[in-house]
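K.L.:
As input, take coords-v2.cif (mmCIF, C-alpha atoms; chains and numbers go by the auth columns):
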```
data_model
#
loop_
_atom_site.group_PDB
_atom_site.id
_atom_site.type_symbol
_atom_site.label_atom_id
_atom_site.label_comp_id
_atom_site.label_asym_id
_atom_site.label_seq_id
_atom_site.Cartn_x
_atom_site.Cartn_y
_atom_site.Cartn_z
_atom_site.B_iso_or_equiv
_atom_site.auth_seq_id
_atom_site.auth_asym_id
ATOM 1 C CA GLN A 1 141.704 122.720 120.212 0.00 1 S
ATOM 2 C CA GLN A 2 141.470 125.023 117.211 0.00 2 S
ATOM 3 C CA PRO A 3 139.199 123.593 114.482 0.00 3 S
ATOM 4 C CA VAL A 4 140.444 123.425 110.911 0.00 4 S
ATOM 5 C CA GLN A 5 138.640 125.372 108.223 0.00 5 S
ATOM 6 C CA SER A 6 138.815 124.902 104.474 0.00 6 S
ATOM 7 C CA PRO A 7 139.255 126.418 102.037 0.00 7 S
ATOM 8 C CA GLN A 8 141.288 129.387 103.215 0.00 8 S
ATOM 9 C CA ALA A 9 139.802 131.620 100.538 0.00 9 S
ATOM 10 C CA VAL A 10 136.968 131.544 98.013 0.00 10 S
ATOM 11 C CA ILE A 11 136.262 133.901 95.109 0.00 11 S
ATOM 12 C CA LEU A 12 132.793 133.866 93.600 0.00 12 S
ATOM 13 C CA ARG A 13 130.640 135.703 91.127 0.00 13 S
ATOM 14 C CA GLU A 14 127.264 136.918 92.317 0.00 14 S
ATOM 15 C CA GLY A 15 124.756 134.104 92.195 0.00 15 S
ATOM 16 C CA GLU A 16 127.291 131.294 92.608 0.00 16 S
ATOM 17 C CA ASP A 17 127.324 128.858 95.505 0.00 17 S
ATOM 18 C CA ALA A 18 130.033 128.108 98.049 0.00 18 S
ATOM 19 C CA VAL A 19 130.727 125.587 100.795 0.00 19 S
ATOM 20 C CA ILE A 20 132.984 126.211 103.784 0.00 20 S
ATOM 21 C CA ASN A 21 134.084 123.295 105.920 0.00 21 S
ATOM 22 C CA CYS A 22 135.058 123.061 109.575 0.00 22 S
ATOM 23 C CA SER A 23 136.491 119.984 111.261 0.00 23 S
ATOM 24 C CA SER A 24 137.607 119.173 114.781 0.00 24 S
ATOM 25 C CA SER A 25 139.767 116.479 116.321 0.00 25 S
ATOM 26 C CA LYS A 26 137.501 116.402 119.390 0.00 26 S
ATOM 27 C CA ALA A 27 133.900 115.422 119.946 0.00 27 S
ATOM 28 C CA LEU A 28 131.665 118.442 119.626 0.00 28 S
ATOM 29 C CA TYR A 29 128.638 119.737 121.471 0.00 29 S
ATOM 30 C CA SER A 30 128.026 122.542 119.044 0.00 30 S
ATOM 31 C CA VAL A 31 129.378 124.478 116.109 0.00 31 S
ATOM 32 C CA HIS A 32 128.935 128.224 115.739 0.00 32 S
ATOM 33 C CA TRP A 33 129.333 130.204 112.533 0.00 33 S
ATOM 34 C CA TYR A 34 130.268 133.903 112.385 0.00 34 S
ATOM 35 C CA ARG A 35 130.978 136.375 109.623 0.00 35 S
ATOM 36 C CA GLN A 36 133.376 139.281 109.962 0.00 36 S
ATOM 37 C CA LYS A 37 133.633 142.259 107.652 0.00 37 S
ATOM 38 C CA HIS A 38 136.952 144.038 107.409 0.00 38 S
ATOM 39 C CA GLY A 39 137.570 146.236 110.443 0.00 39 S
ATOM 40 C CA GLU A 40 134.422 145.097 112.216 0.00 40 S
ATOM 41 C CA ALA A 41 133.488 142.651 114.940 0.00 41 S
ATOM 42 C CA PRO A 42 132.398 139.089 114.130 0.00 42 S
ATOM 43 C CA VAL A 43 128.650 138.745 113.723 0.00 43 S
ATOM 44 C CA PHE A 44 126.749 135.623 114.710 0.00 44 S
ATOM 45 C CA LEU A 45 125.156 133.615 111.877 0.00 45 S
ATOM 46 C CA MET A 46 123.949 130.358 113.379 0.00 46 S
ATOM 47 C CA ILE A 47 124.526 127.523 115.819 0.00 47 S
ATOM 48 C CA LEU A 48 124.316 123.819 115.124 0.00 48 S
ATOM 49 C CA LEU A 49 123.733 121.438 117.970 0.00 49 S
ATOM 50 C CA LYS A 50 124.231 117.730 118.372 0.00 50 S
ATOM 51 C CA GLY A 51 121.312 115.988 116.722 0.00 51 S
ATOM 52 C CA GLY A 52 120.008 119.061 114.947 0.00 52 S
ATOM 53 C CA GLU A 53 120.515 121.452 112.088 0.00 53 S
ATOM 54 C CA GLN A 54 119.606 125.083 112.265 0.00 54 S
ATOM 55 C CA LYS A 55 119.180 127.594 109.467 0.00 55 S
ATOM 56 C CA GLY A 56 119.970 131.085 110.657 0.00 56 S
ATOM 57 C CA HIS A 57 119.755 133.208 107.525 0.00 57 S
ATOM 58 C CA GLU A 58 118.148 133.158 104.064 0.00 58 S
ATOM 59 C CA LYS A 59 120.224 131.222 101.545 0.00 59 S
ATOM 60 C CA ILE A 60 122.832 130.453 104.229 0.00 60 S
ATOM 61 C CA SER A 61 122.485 127.091 105.884 0.00 61 S
ATOM 62 C CA ALA A 62 124.721 124.577 107.569 0.00 62 S
ATOM 63 C CA SER A 63 125.050 120.947 108.473 0.00 63 S
ATOM 64 C CA PHE A 64 126.670 119.178 111.394 0.00 64 S
ATOM 65 C CA ASN A 65 128.021 115.638 111.180 0.00 65 S
ATOM 66 C CA GLU A 66 128.596 114.599 114.788 0.00 66 S
ATOM 67 C CA LYS A 67 130.302 111.314 113.961 0.00 67 S
ATOM 68 C CA LYS A 68 132.833 112.974 111.698 0.00 68 S
ATOM 69 C CA GLN A 69 133.086 116.034 113.978 0.00 69 S
ATOM 70 C CA GLN A 70 132.562 118.247 110.968 0.00 70 S
ATOM 71 C CA SER A 71 130.326 121.104 109.958 0.00 71 S
ATOM 72 C CA SER A 72 129.751 122.759 106.597 0.00 72 S
ATOM 73 C CA LEU A 73 128.346 126.172 105.813 0.00 73 S
ATOM 74 C CA TYR A 74 126.420 126.503 102.557 0.00 74 S
ATOM 75 C CA LEU A 75 126.001 129.839 100.821 0.00 75 S
ATOM 76 C CA THR A 76 123.653 129.676 97.865 0.00 76 S
ATOM 77 C CA ALA A 77 123.086 132.302 95.180 0.00 77 S
ATOM 78 C CA SER A 78 125.724 134.478 96.784 0.00 78 S
ATOM 79 C CA GLN A 79 125.264 138.222 97.072 0.00 79 S
ATOM 80 C CA LEU A 80 127.840 140.998 97.283 0.00 80 S
ATOM 81 C CA SER A 81 126.939 141.398 100.950 0.00 81 S
ATOM 82 C CA TYR A 82 128.191 137.870 101.660 0.00 82 S
ATOM 83 C CA SER A 83 131.791 138.994 101.261 0.00 83 S
ATOM 84 C CA GLY A 84 133.818 138.724 104.443 0.00 84 S
ATOM 85 C CA THR A 85 135.691 136.229 106.550 0.00 85 S
ATOM 86 C CA TYR A 86 133.739 133.283 107.918 0.00 86 S
ATOM 87 C CA PHE A 87 134.740 131.639 111.168 0.00 87 S
ATOM 88 C CA CYS A 88 133.545 128.455 112.744 0.00 88 S
ATOM 89 C CA GLY A 89 133.684 128.136 116.514 0.00 89 S
ATOM 90 C CA THR A 90 133.515 124.769 118.202 0.00 90 S
ATOM 91 C CA GLU A 91 132.396 123.822 121.672 0.00 91 S
ATOM 92 C CA THR A 92 133.848 120.473 122.677 0.00 92 S
ATOM 93 C CA SER A 93 132.533 117.765 124.915 0.00 93 S
ATOM 94 C CA SER A 94 135.526 116.824 127.023 0.00 94 S
ATOM 95 C CA ARG A 95 135.658 115.669 130.634 0.00 95 S
ATOM 96 C CA GLY A 96 135.044 118.590 132.937 0.00 96 S
ATOM 97 C CA SER A 97 133.219 121.747 132.113 0.00 97 S
ATOM 98 C CA THR A 98 133.786 123.396 128.782 0.00 98 S
ATOM 99 C CA LEU A 99 130.558 125.245 129.085 0.00 99 S
ATOM 100 C CA GLY A 100 130.394 128.071 126.581 0.00 100 S
ATOM 101 C CA ARG A 101 134.090 127.912 125.716 0.00 101 S
ATOM 102 C CA LEU A 102 134.492 128.449 121.988 0.00 102 S
ATOM 103 C CA TYR A 103 137.573 127.782 119.915 0.00 103 S
ATOM 104 C CA PHE A 104 137.641 129.394 116.489 0.00 104 S
ATOM 105 C CA GLY A 105 139.186 128.309 113.229 0.00 105 S
ATOM 106 C CA ARG A 106 141.504 130.533 111.210 0.00 106 S
ATOM 107 C CA GLY A 107 138.745 131.695 108.943 0.00 107 S
ATOM 108 C CA THR A 108 137.739 131.485 105.287 0.00 108 S
ATOM 109 C CA GLN A 109 137.906 134.681 103.269 0.00 109 S
ATOM 110 C CA LEU A 110 134.971 134.902 100.869 0.00 110 S
ATOM 111 C CA THR A 111 134.971 137.468 98.074 0.00 111 S
ATOM 112 C CA VAL A 112 131.918 137.951 95.880 0.00 112 S
ATOM 113 C CA TRP A 113 132.337 139.896 92.639 0.00 113 S
ATOM 114 C CA PRO A 114 129.518 141.438 90.612 0.00 114 S
ATOM 115 C CA ASN B 1 121.007 148.828 123.629 0.00 1 G
ATOM 116 C CA ALA B 2 124.738 149.043 124.278 0.00 2 G
ATOM 117 C CA GLY B 3 125.532 145.307 124.144 0.00 3 G
ATOM 118 C CA VAL B 4 129.266 144.738 124.651 0.00 4 G
ATOM 119 C CA THR B 5 131.352 147.884 125.051 0.00 5 G
ATOM 120 C CA GLN B 6 135.120 147.882 124.758 0.00 6 G
ATOM 121 C CA THR B 7 137.432 150.754 125.605 0.00 7 G
ATOM 122 C CA PRO B 8 139.695 152.114 124.317 0.00 8 G
ATOM 123 C CA LYS B 9 139.214 151.495 120.591 0.00 9 G
ATOM 124 C CA PHE B 10 142.873 152.217 119.795 0.00 10 G
ATOM 125 C CA GLN B 11 146.000 152.272 121.937 0.00 11 G
ATOM 126 C CA VAL B 12 149.743 152.533 121.398 0.00 12 G
ATOM 127 C CA LEU B 13 152.060 151.364 124.163 0.00 13 G
ATOM 128 C CA LYS B 14 155.764 151.108 124.667 0.00 14 G
ATOM 129 C CA THR B 15 157.374 147.802 125.541 0.00 15 G
ATOM 130 C CA GLY B 16 157.177 147.207 129.275 0.00 16 G
ATOM 131 C CA GLN B 17 154.205 149.449 129.927 0.00 17 G
ATOM 132 C CA SER B 18 151.100 148.118 131.587 0.00 18 G
ATOM 133 C CA MET B 19 147.538 148.590 130.478 0.00 19 G
ATOM 134 C CA THR B 20 143.998 147.453 131.134 0.00 20 G
ATOM 135 C CA LEU B 21 141.517 146.869 128.322 0.00 21 G
ATOM 136 C CA GLN B 22 137.995 147.402 129.512 0.00 22 G
ATOM 137 C CA CYS B 23 134.955 145.321 128.605 0.00 23 G
ATOM 138 C CA ALA B 24 131.410 145.816 129.853 0.00 24 G
ATOM 139 C CA GLN B 25 128.124 144.188 128.882 0.00 25 G
ATOM 140 C CA ASP B 26 124.583 145.145 129.817 0.00 26 G
ATOM 141 C CA MET B 27 122.807 141.911 128.864 0.00 27 G
ATOM 142 C CA ASN B 28 123.301 140.146 132.194 0.00 28 G
ATOM 143 C CA HIS B 29 125.347 137.437 130.495 0.00 29 G
ATOM 144 C CA GLU B 30 127.130 134.983 132.747 0.00 30 G
ATOM 145 C CA TYR B 31 129.814 134.090 130.227 0.00 31 G
ATOM 146 C CA MET B 32 132.475 136.556 129.068 0.00 32 G
ATOM 147 C CA SER B 33 135.670 136.003 127.143 0.00 33 G
ATOM 148 C CA TRP B 34 138.656 137.711 125.567 0.00 34 G
ATOM 149 C CA TYR B 35 140.079 136.850 122.153 0.00 35 G
ATOM 150 C CA ARG B 36 143.005 138.179 120.211 0.00 36 G
ATOM 151 C CA GLN B 37 142.959 138.292 116.436 0.00 37 G
ATOM 152 C CA ASP B 38 146.124 138.246 114.373 0.00 38 G
ATOM 153 C CA PRO B 39 146.319 138.038 110.561 0.00 39 G
ATOM 154 C CA GLY B 40 145.813 134.470 109.385 0.00 40 G
ATOM 155 C CA MET B 41 145.373 133.124 112.919 0.00 41 G
ATOM 156 C CA GLY B 42 141.662 133.585 113.473 0.00 42 G
ATOM 157 C CA LEU B 43 140.326 134.334 116.937 0.00 43 G
ATOM 158 C CA ARG B 44 142.318 132.829 119.778 0.00 44 G
ATOM 159 C CA LEU B 45 140.850 132.543 123.241 0.00 45 G
ATOM 160 C CA ILE B 46 142.902 134.262 125.953 0.00 46 G
ATOM 161 C CA HIS B 47 140.783 133.989 129.122 0.00 47 G
ATOM 162 C CA TYR B 48 137.151 133.445 129.899 0.00 48 G
ATOM 163 C CA SER B 49 134.764 133.658 132.824 0.00 49 G
ATOM 164 C CA VAL B 50 131.564 131.799 133.632 0.00 50 G
ATOM 165 C CA GLY B 51 130.473 134.207 136.343 0.00 51 G
ATOM 166 C CA ALA B 52 131.606 136.755 138.894 0.00 52 G
ATOM 167 C CA GLY B 53 134.672 135.522 140.746 0.00 53 G
ATOM 168 C CA ILE B 54 135.343 132.663 138.294 0.00 54 G
ATOM 169 C CA THR B 55 137.931 132.868 135.523 0.00 55 G
ATOM 170 C CA ASP B 56 139.930 130.338 133.529 0.00 56 G
ATOM 171 C CA GLN B 57 142.607 130.235 130.877 0.00 57 G
ATOM 172 C CA GLY B 58 142.078 129.764 127.157 0.00 58 G
ATOM 173 C CA GLU B 59 144.588 128.929 124.427 0.00 59 G
ATOM 174 C CA VAL B 60 146.987 131.872 124.789 0.00 60 G
ATOM 175 C CA PRO B 61 146.844 133.182 128.388 0.00 61 G
ATOM 176 C CA ASN B 62 150.519 134.027 128.935 0.00 62 G
ATOM 177 C CA GLY B 63 151.160 137.727 129.533 0.00 63 G
ATOM 178 C CA TYR B 64 147.517 138.496 130.368 0.00 64 G
ATOM 179 C CA ASN B 65 145.541 138.655 133.597 0.00 65 G
ATOM 180 C CA VAL B 66 141.806 138.916 134.109 0.00 66 G
ATOM 181 C CA SER B 67 139.381 139.316 136.965 0.00 67 G
ATOM 182 C CA ARG B 68 135.595 139.273 137.198 0.00 68 G
ATOM 183 C CA SER B 69 134.340 141.147 140.224 0.00 69 G
ATOM 184 C CA THR B 70 130.909 141.887 138.718 0.00 70 G
ATOM 185 C CA THR B 71 128.691 140.244 136.114 0.00 71 G
ATOM 186 C CA GLU B 72 128.986 143.291 133.862 0.00 72 G
ATOM 187 C CA ASP B 73 132.749 143.873 133.697 0.00 73 G
ATOM 188 C CA PHE B 74 135.642 141.722 132.534 0.00 74 G
ATOM 189 C CA PRO B 75 138.891 143.722 132.212 0.00 75 G
ATOM 190 C CA LEU B 76 142.014 142.336 130.553 0.00 76 G
ATOM 191 C CA ARG B 77 145.379 143.408 131.975 0.00 77 G
ATOM 192 C CA LEU B 78 148.730 143.458 130.253 0.00 78 G
ATOM 193 C CA LEU B 79 151.284 143.725 133.052 0.00 79 G
ATOM 194 C CA SER B 80 154.376 144.288 130.893 0.00 80 G
ATOM 195 C CA ALA B 81 153.522 144.802 127.249 0.00 81 G
ATOM 196 C CA ALA B 82 155.590 143.079 124.576 0.00 82 G
ATOM 197 C CA PRO B 83 155.603 143.645 120.783 0.00 83 G
ATOM 198 C CA SER B 84 154.177 140.119 120.346 0.00 84 G
ATOM 199 C CA GLN B 85 150.999 141.360 122.010 0.00 85 G
ATOM 200 C CA THR B 86 150.298 143.758 119.154 0.00 86 G
ATOM 201 C CA SER B 87 146.881 142.600 117.996 0.00 87 G
ATOM 202 C CA VAL B 88 143.190 143.325 117.817 0.00 88 G
ATOM 203 C CA TYR B 89 141.430 142.280 121.007 0.00 89 G
ATOM 204 C CA PHE B 90 137.786 141.309 121.122 0.00 90 G
ATOM 205 C CA CYS B 91 135.635 140.814 124.161 0.00 91 G
ATOM 206 C CA ALA B 92 132.534 138.655 123.873 0.00 92 G
ATOM 207 C CA SER B 93 129.664 137.679 126.137 0.00 93 G
ATOM 208 C CA GLY B 94 126.878 135.116 126.086 0.00 94 G
ATOM 209 C CA ARG B 95 124.393 133.255 128.192 0.00 95 G
ATOM 210 C CA LEU B 96 125.737 130.248 130.016 0.00 96 G
ATOM 211 C CA ALA B 97 124.095 127.226 128.481 0.00 97 G
ATOM 212 C CA GLN B 98 125.961 124.562 126.652 0.00 98 G
ATOM 213 C CA GLY B 99 125.712 124.407 122.946 0.00 99 G
ATOM 214 C CA ASN B 100 123.065 126.882 121.994 0.00 100 G
ATOM 215 C CA GLN B 101 124.026 130.368 122.974 0.00 101 G
ATOM 216 C CA PRO B 102 125.604 132.848 120.564 0.00 102 G
ATOM 217 C CA GLN B 103 128.455 135.056 121.589 0.00 103 G
ATOM 218 C CA HIS B 104 128.064 138.818 121.243 0.00 104 G
ATOM 219 C CA PHE B 105 131.255 140.626 120.340 0.00 105 G
ATOM 220 C CA GLY B 106 132.412 144.117 121.151 0.00 106 G
ATOM 221 C CA ASP B 107 133.892 146.347 118.447 0.00 107 G
ATOM 222 C CA GLY B 108 137.454 145.510 119.403 0.00 108 G
ATOM 223 C CA THR B 109 140.536 147.288 120.722 0.00 109 G
ATOM 224 C CA ARG B 110 143.409 147.785 118.306 0.00 110 G
ATOM 225 C CA LEU B 111 146.612 147.642 120.324 0.00 111 G
ATOM 226 C CA SER B 112 150.102 148.425 119.040 0.00 112 G
ATOM 227 C CA ILE B 113 153.189 147.875 121.150 0.00 113 G
ATOM 228 C CA LEU B 114 156.394 149.534 120.058 0.00 114 G
#
```
Please go through the file and, once you have read it, give me the structure as structure tokens.

P.N.:
Amino acid sequence: QQPVQSPQAVILREGEDAVINCSSSKALYSVHWYRQKHGEAPVFLMILLKGGEQKGHEKISASFNEKKQQSSLYLTASQLSYSGTYFCGTETSSRGSTLGRLYFGRGTQLTVWP
Amino acid sequence: NAGVTQTPKFQVLKTGQSMTLQCAQDMNHEYMSWYRQDPGMGLRLIHYSVGAGITDQGEVPNGYNVSRSTTEDFPLRLLSAAPSQTSVYFCASGRLAQGNQPQHFGDGTRLSIL
């Protein structure tokens, strides 16, 4: 059930771009993206639904390919504050109710250097 | 606004002891869940609830019990703690609607079992 994230880690200079990928073996209703700073709780970034794409933050956007069961998170012109671990959470569309049940990937550690 | 409140923030137990991790939310969310976070493993779903009196298992339920007697509270019980349960535990809540509702996380409980 756990989605697969790649890469495991990314190191950037300020101003550079990054892409984080999330893929699932099951059909998806939605993909959630969260960022977690060290020692803190995960913080919601955005949700992508079937048939739509939603931008939740400036310079951070995402796409959702339903057929491929994949989502990508795009961070453009990265800032120091973007550093942290990014998690995707997937909500699957299986028989029976999976309402609200999120399974998270193992995370991508993003480090932005000045 | 309190949001999701977890207590305690830190706890050390001995093997075989029992303990209850508390989670309360004041947003009238139907959905609540417990995750454990271990290095390199991401967030793994332990148990979840879609409303008072209704609970279900996630990916790693063994060794944990939950109950949901009210909308606000969702305690997690360790009946006989084992060193393998050393982890950071997060409680989360959200509205019950498929695909478009973010989860709000508590600050976590850091649990060590000796």

K.L.:
Which value, in Å to one decimal, gives the distance between atom CA of Gly51 of chain G and atom CA of Leu96 of chain G?

P.N.:
8.8 Å

K.L.:
So that all listed atoms of segment 100-106 of chain S fit with 5 Å spare on each side, what axis-aligned box centre and edge lengths in Å, to one decimal, would you give as JSON?

P.N.:
```
{"center_x": 135.9, "center_y": 129.2, "center_z": 118.9, "size_x": 21.1, "size_y": 12.8, "size_z": 25.4}
```

K.L.:
So how many Å separate atom CA of Val50 of chain G and atom CA of Ala62 of chain S, to one decimal?

P.N.:
27.9 Å

K.L.:
In file coordinates, which residues lie within 9 Å of (124.7, 140.3, 112.6) using all atoms listed in the file, given as a list of chain:residue names?

P.N.:
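Applying the cut-off with all atoms listed in the file, one gets S:Tyr34, S:Arg35, S:Pro42, S:Val43, S:Phe44, S:Leu45.
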
K.L.:
Taking the file as I've supplied it (selection: the PyMOL selection byres ((chain G) within 8 of (chain S))), which residues are included? Please answer as a list of chain:residue names.

P.N.:
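Evaluating the PyMOL selection byres ((chain G) within 8 of (chain S)) on this file yields G:Tyr31, G:Gly40, G:Met41, G:Gly42, G:Leu43, G:Arg44, G:Leu45, G:Tyr48, G:Phe90, G:Gly94, G:Leu96, G:Ala97, G:Gln98, G:Gly99, G:Asn100, G:Gln101, G:Pro102, G:Gln103, G:His104, G:Phe105, G:Gly106, G:Asp107, G:Gly108.
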
K.L.:
Between atom CA of Arg95 of chain G and atom CA of His29 of chain G, what distance in Å does the model show, to one decimal?

P.N.:
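Atom-to-atom, atom CA of Arg95 of chain G to atom CA of His29 of chain G, that is 4.9 Å.
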
K.L.:
Once you count all atoms listed in the file, which residues end up no further than 9 Å from (159.1, 146.3, 128.5) in the file's frame, shown as a PyMOL selection string?

P.N.:
chain G and resi 14-18+80-83

K.L.:
Would you export the selected residues with C-alpha atoms as a PDB file, keeping the file's coordinate frame, please?

P.N.:
```pdb
ATOM      1  CA  LYS G  14     155.764 151.108 124.667  1.00  0.00           C
ATOM      2  CA  THR G  15     157.374 147.802 125.541  1.00  0.00           C
ATOM      3  CA  GLY G  16     157.177 147.207 129.275  1.00  0.00           C
ATOM      4  CA  GLN G  17     154.205 149.449 129.927  1.00  0.00           C
ATOM      5  CA  SER G  18     151.100 148.118 131.587  1.00  0.00           C
ATOM      6  CA  SER G  80     154.376 144.288 130.893  1.00  0.00           C
ATOM      7  CA  ALA G  81     153.522 144.802 127.249  1.00  0.00           C
ATOM      8  CA  ALA G  82     155.590 143.079 124.576  1.00  0.00           C
ATOM      9  CA  PRO G  83     155.603 143.645 120.783  1.00  0.00           C
TER      10      PRO G  83
END
```

K.L.:
Fewer than 4 positions away in the same chain doesn't count, so skip those; otherwise give me all residues within 10 Å of Lys9 of chain G, counting only C-alpha atoms, as a list in words.

P.N.:
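In the requested format, the answer is Thr5, Leu21, Gln22, Val88, Tyr89, Asp107, Gly108, Thr109, Arg110 and Leu111 of chain G.
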
K.L.:
Find the residues near Ile11 of chain S: any atom within 10 Å, counting all atoms listed in the file, skip ones fewer than 6 places away on the same chain, and give them as an mmCIF file with C-alpha atoms, in the frame of the given file.

P.N.:
```cif
data_model
loop_
_atom_site.group_PDB
_atom_site.id
_atom_site.type_symbol
_atom_site.label_atom_id
_atom_site.label_comp_id
_atom_site.auth_asym_id
_atom_site.auth_seq_id
_atom_site.Cartn_x
_atom_site.Cartn_y
_atom_site.Cartn_z
ATOM 1 C CA ALA S 18 130.033 128.108 98.049
ATOM 2 C CA SER S 83 131.791 138.994 101.261
ATOM 3 C CA GLN S 109 137.906 134.681 103.269
ATOM 4 C CA LEU S 110 134.971 134.902 100.869
ATOM 5 C CA THR S 111 134.971 137.468 98.074
ATOM 6 C CA VAL S 112 131.918 137.951 95.880
ATOM 7 C CA TRP S 113 132.337 139.896 92.639
#
```

K.L.:
Here's the selection I'm unsure about, the PyMOL selection byres ((chain G and resi 25) around 8); applied to the file above, which residues does it give, as a ChimeraX atom specification?

P.N.:
/G:2-5,23-24,26-29,72-73,93

K.L.:
Okay, now the selection with C-alpha atoms, as a JSON list (two decimals), in the frame of the given file?

P.N.:
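selection-v3.json written:
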```json
[["chain", "number", "residue", "atom", "x", "y", "z"],
["G", 2, "ALA", "CA", 124.74, 149.04, 124.28],
["G", 3, "GLY", "CA", 125.53, 145.31, 124.14],
["G", 4, "VAL", "CA", 129.27, 144.74, 124.65],
["G", 5, "THR", "CA", 131.35, 147.88, 125.05],
["G", 23, "CYS", "CA", 134.96, 145.32, 128.60],
["G", 24, "ALA", "CA", 131.41, 145.82, 129.85],
["G", 26, "ASP", "CA", 124.58, 145.15, 129.82],
["G", 27, "MET", "CA", 122.81, 141.91, 128.86],
["G", 28, "ASN", "CA", 123.30, 140.15, 132.19],
["G", 29, "HIS", "CA", 125.35, 137.44, 130.50],
["G", 72, "GLU", "CA", 128.99, 143.29, 133.86],
["G", 73, "ASP", "CA", 132.75, 143.87, 133.70],
["G", 93, "SER", "CA", 129.66, 137.68, 126.14]]
```
